[in-house]
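Student: This structure is in structure tokens; I'll ask about it shortly.
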There are 2 protein chains.
Amino acid sequence: MSKLTEQSCESCRADAPQVTDSEKQDLIRQLPDWDIVELDDEPQLRRQFKFRNFAEAQVFTNKVADMAEEEGHHPAILLEYGKVTVRWWTHKIGGLHKNDFIMAARTDQAYQQQE
Amino acid sequence: MSKLTEQSCESCRADAPQVTDSEKQDLIRQLPDWDIVELDDEPQLRRQFKFRNFAEAQVFTNKVADMAEEEGHHPAILLEYGKVTVRWWTHKIGGLHKNDFIMAARTDQAYQQQE
């Protein structure tokens, strides 16, 4: 399987399949810092990123938001003093699409570039 | 009592008192769209703001974040598609300080100016 950061998001229809359990296991291995959590009955990828202060957390929030807007795929981003929590999932299919794993990998990359 | 939006935040020490119940009742009357919620055992002021899309929600997130940075008092801001949820409280005193009500009122004002 090619690296997640090198893959593009596909357009996602409401009838697109969620990733299977075995795909999920393969994909999450590339995202060791992310958890899969159930929120509002939908599985979501979640990671908290740490920063020195609020301003740096805000810069990162904007990086992730700009990336999301570019792809037309939008996460939940919680901005707080010194930390940003990002959640990726595909509400349209009520769960995780491969796109979510790709975006999570790109979020990691944006964090590495900022640090 | 003068309007919340016309008041300045005071510097807040760890031993500053929380607002009393009667002050709280007076202050919340000026913030009809905000709820007081208990999160992690700390009362917080919370309001959700609606937007047409993600980009407008991001603009508002930055307005609130810039305002917070200017005052040195920082909320939690949850940015999602078409909505932003803001929470103000004073972690240092484990509850609500008058500053939180002032910042909530200014957040309302920023929303009105954007709409």
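Every chain in the structure tokens takes a letter, A first, then B, and so on in the order presented; its residues are numbered from 1, and the ligands are numbered from 1 following the presented order.
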Please list as a ChimeraX atom specification every residue within 9 Å of region 4-15 of chain A, counting only C-alpha atoms and excluding residues in the same chain fewer than 4 positions away.
Tutor: /A:27,30,71,73,90-94,97-106,109
Student: I want to know what sits within 8 Å of Arg87 (chain A), based on only C-alpha atoms, with residues of the same chain fewer than 3 positions away left out; could you give that as a list in words?
Tutor: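 Using only C-alpha atoms, the neighbours found are Gln44, Leu45, Arg46, Arg47, Pro75, Ala76 and Ile77 of chain A.
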Student: Residues of chain A were defined as contacting chain B if any atom lay at most 10 Å from it, counting only C-alpha atoms; please report them as a count of residues only.
Tutor: 27
Student: Could you pull out all residues of chain B with a DSSP call of strand (DSSP E or B) and give them as an mmCIF file with N, CA and C atoms, in the first residue's frame?
Tutor:
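Result went into out38.cif, see below:
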```
data_model
loop_
_atom_site.group_PDB
_atom_site.id
_atom_site.type_symbol
_atom_site.label_atom_id
_atom_site.label_comp_id
_atom_site.auth_asym_id
_atom_site.auth_seq_id
_atom_site.Cartn_x
_atom_site.Cartn_y
_atom_site.Cartn_z
ATOM 1 N N ASP B 35 -25.422 29.349 27.295
ATOM 2 C CA ASP B 35 -25.769 28.443 28.389
ATOM 3 C C ASP B 35 -24.592 28.347 29.347
ATOM 4 N N ILE B 36 -24.900 28.086 30.596
ATOM 5 C CA ILE B 36 -23.834 27.730 31.541
ATOM 6 C C ILE B 36 -23.845 26.214 31.658
ATOM 7 N N VAL B 37 -22.735 25.591 31.269
ATOM 8 C CA VAL B 37 -22.646 24.123 31.309
ATOM 9 C C VAL B 37 -21.500 23.720 32.234
ATOM 10 N N GLU B 38 -21.611 22.547 32.836
ATOM 11 C CA GLU B 38 -20.527 22.006 33.680
ATOM 12 C C GLU B 38 -19.691 21.067 32.824
ATOM 13 N N LEU B 39 -18.432 21.380 32.615
ATOM 14 C CA LEU B 39 -17.555 20.479 31.871
ATOM 15 C C LEU B 39 -16.276 20.279 32.679
ATOM 16 N N GLU B 42 -16.070 22.148 35.834
ATOM 17 C CA GLU B 42 -15.946 23.602 35.858
ATOM 18 C C GLU B 42 -17.102 24.217 35.074
ATOM 19 N N PRO B 43 -17.803 25.192 35.671
ATOM 20 C CA PRO B 43 -18.862 25.844 34.908
ATOM 21 C C PRO B 43 -18.261 26.666 33.763
ATOM 22 N N GLN B 44 -18.896 26.594 32.609
ATOM 23 C CA GLN B 44 -18.401 27.306 31.429
ATOM 24 C C GLN B 44 -19.583 27.955 30.707
ATOM 25 N N LEU B 45 -19.315 29.070 30.063
ATOM 26 C CA LEU B 45 -20.308 29.701 29.190
ATOM 27 C C LEU B 45 -20.152 29.113 27.795
ATOM 28 N N ARG B 46 -21.252 28.651 27.207
ATOM 29 C CA ARG B 46 -21.150 28.008 25.890
ATOM 30 C C ARG B 46 -22.227 28.521 24.941
ATOM 31 N N ARG B 47 -21.823 28.804 23.712
ATOM 32 C CA ARG B 47 -22.795 29.138 22.662
ATOM 33 C C ARG B 47 -22.330 28.571 21.334
ATOM 34 N N GLN B 48 -23.304 28.101 20.551
ATOM 35 C CA GLN B 48 -22.992 27.653 19.191
ATOM 36 C C GLN B 48 -23.457 28.717 18.197
ATOM 37 N N PHE B 49 -22.583 29.070 17.268
ATOM 38 C CA PHE B 49 -22.870 30.060 16.234
ATOM 39 C C PHE B 49 -22.989 29.354 14.881
ATOM 40 N N LYS B 50 -23.980 29.750 14.078
ATOM 41 C CA LYS B 50 -24.206 29.088 12.787
ATOM 42 C C LYS B 50 -23.658 29.917 11.624
ATOM 43 N N ALA B 76 -12.188 27.966 24.471
ATOM 44 C CA ALA B 76 -12.120 26.798 23.585
ATOM 45 C C ALA B 76 -13.026 27.105 22.403
ATOM 46 N N ILE B 77 -12.510 26.891 21.202
ATOM 47 C CA ILE B 77 -13.279 27.194 19.989
ATOM 48 C C ILE B 77 -13.332 25.932 19.130
ATOM 49 N N LEU B 78 -14.531 25.426 18.921
ATOM 50 C CA LEU B 78 -14.701 24.221 18.098
ATOM 51 C C LEU B 78 -15.202 24.632 16.724
ATOM 52 N N LEU B 79 -14.345 24.444 15.723
ATOM 53 C CA LEU B 79 -14.666 24.809 14.339
ATOM 54 C C LEU B 79 -15.142 23.571 13.590
ATOM 55 N N GLU B 80 -16.355 23.642 13.031
ATOM 56 C CA GLU B 80 -16.904 22.548 12.222
ATOM 57 C C GLU B 80 -17.556 23.143 10.988
ATOM 58 N N LYS B 83 -20.602 25.681 11.582
ATOM 59 C CA LYS B 83 -20.834 26.082 12.984
ATOM 60 C C LYS B 83 -19.550 26.214 13.785
ATOM 61 N N VAL B 84 -19.623 27.088 14.782
ATOM 62 C CA VAL B 84 -18.504 27.295 15.703
ATOM 63 C C VAL B 84 -19.091 27.305 17.119
ATOM 64 N N THR B 85 -18.529 26.483 17.979
ATOM 65 C CA THR B 85 -18.979 26.466 19.380
ATOM 66 C C THR B 85 -17.884 27.084 20.243
ATOM 67 N N VAL B 86 -18.249 28.127 20.986
ATOM 68 C CA VAL B 86 -17.263 28.837 21.812
ATOM 69 C C VAL B 86 -17.584 28.578 23.285
ATOM 70 N N ARG B 87 -16.547 28.317 24.061
ATOM 71 C CA ARG B 87 -16.702 28.160 25.516
ATOM 72 C C ARG B 87 -15.732 29.082 26.233
ATOM 73 N N TRP B 88 -16.281 29.896 27.132
ATOM 74 C CA TRP B 88 -15.463 30.798 27.955
ATOM 75 C C TRP B 88 -15.557 30.380 29.412
ATOM 76 N N THR B 90 -12.722 30.402 33.268
ATOM 77 C CA THR B 90 -11.403 30.788 33.765
ATOM 78 C C THR B 90 -10.827 29.617 34.528
ATOM 79 N N GLY B 95 -13.659 28.231 37.316
ATOM 80 C CA GLY B 95 -15.053 28.614 37.125
ATOM 81 C C GLY B 95 -15.204 29.878 36.314
#
```
Student: Can you check which residues of chain A DSSP gives as alpha helix (DSSP H) on the backbone and send them as a ChimeraX atom specification?
Tutor: /A:21-28,54-71,98-114
Student: With only C-alpha atoms as the basis for distance, which of B:Gly82, B:Glu70, B:Leu96, B:Glu56 is at the shortest distance from Gln114 (chain B)?
Tutor: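 Looking at the shortest contact to Gln114 (chain B), the residue is B:Glu56.
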Student: How many Å separate CA of Arg52 (chain B) from CA of Asp33 (chain B)?
Tutor: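 Answer for the CA of Arg52 (chain B) to CA of Asp33 (chain B) separation: 18.9 Å.
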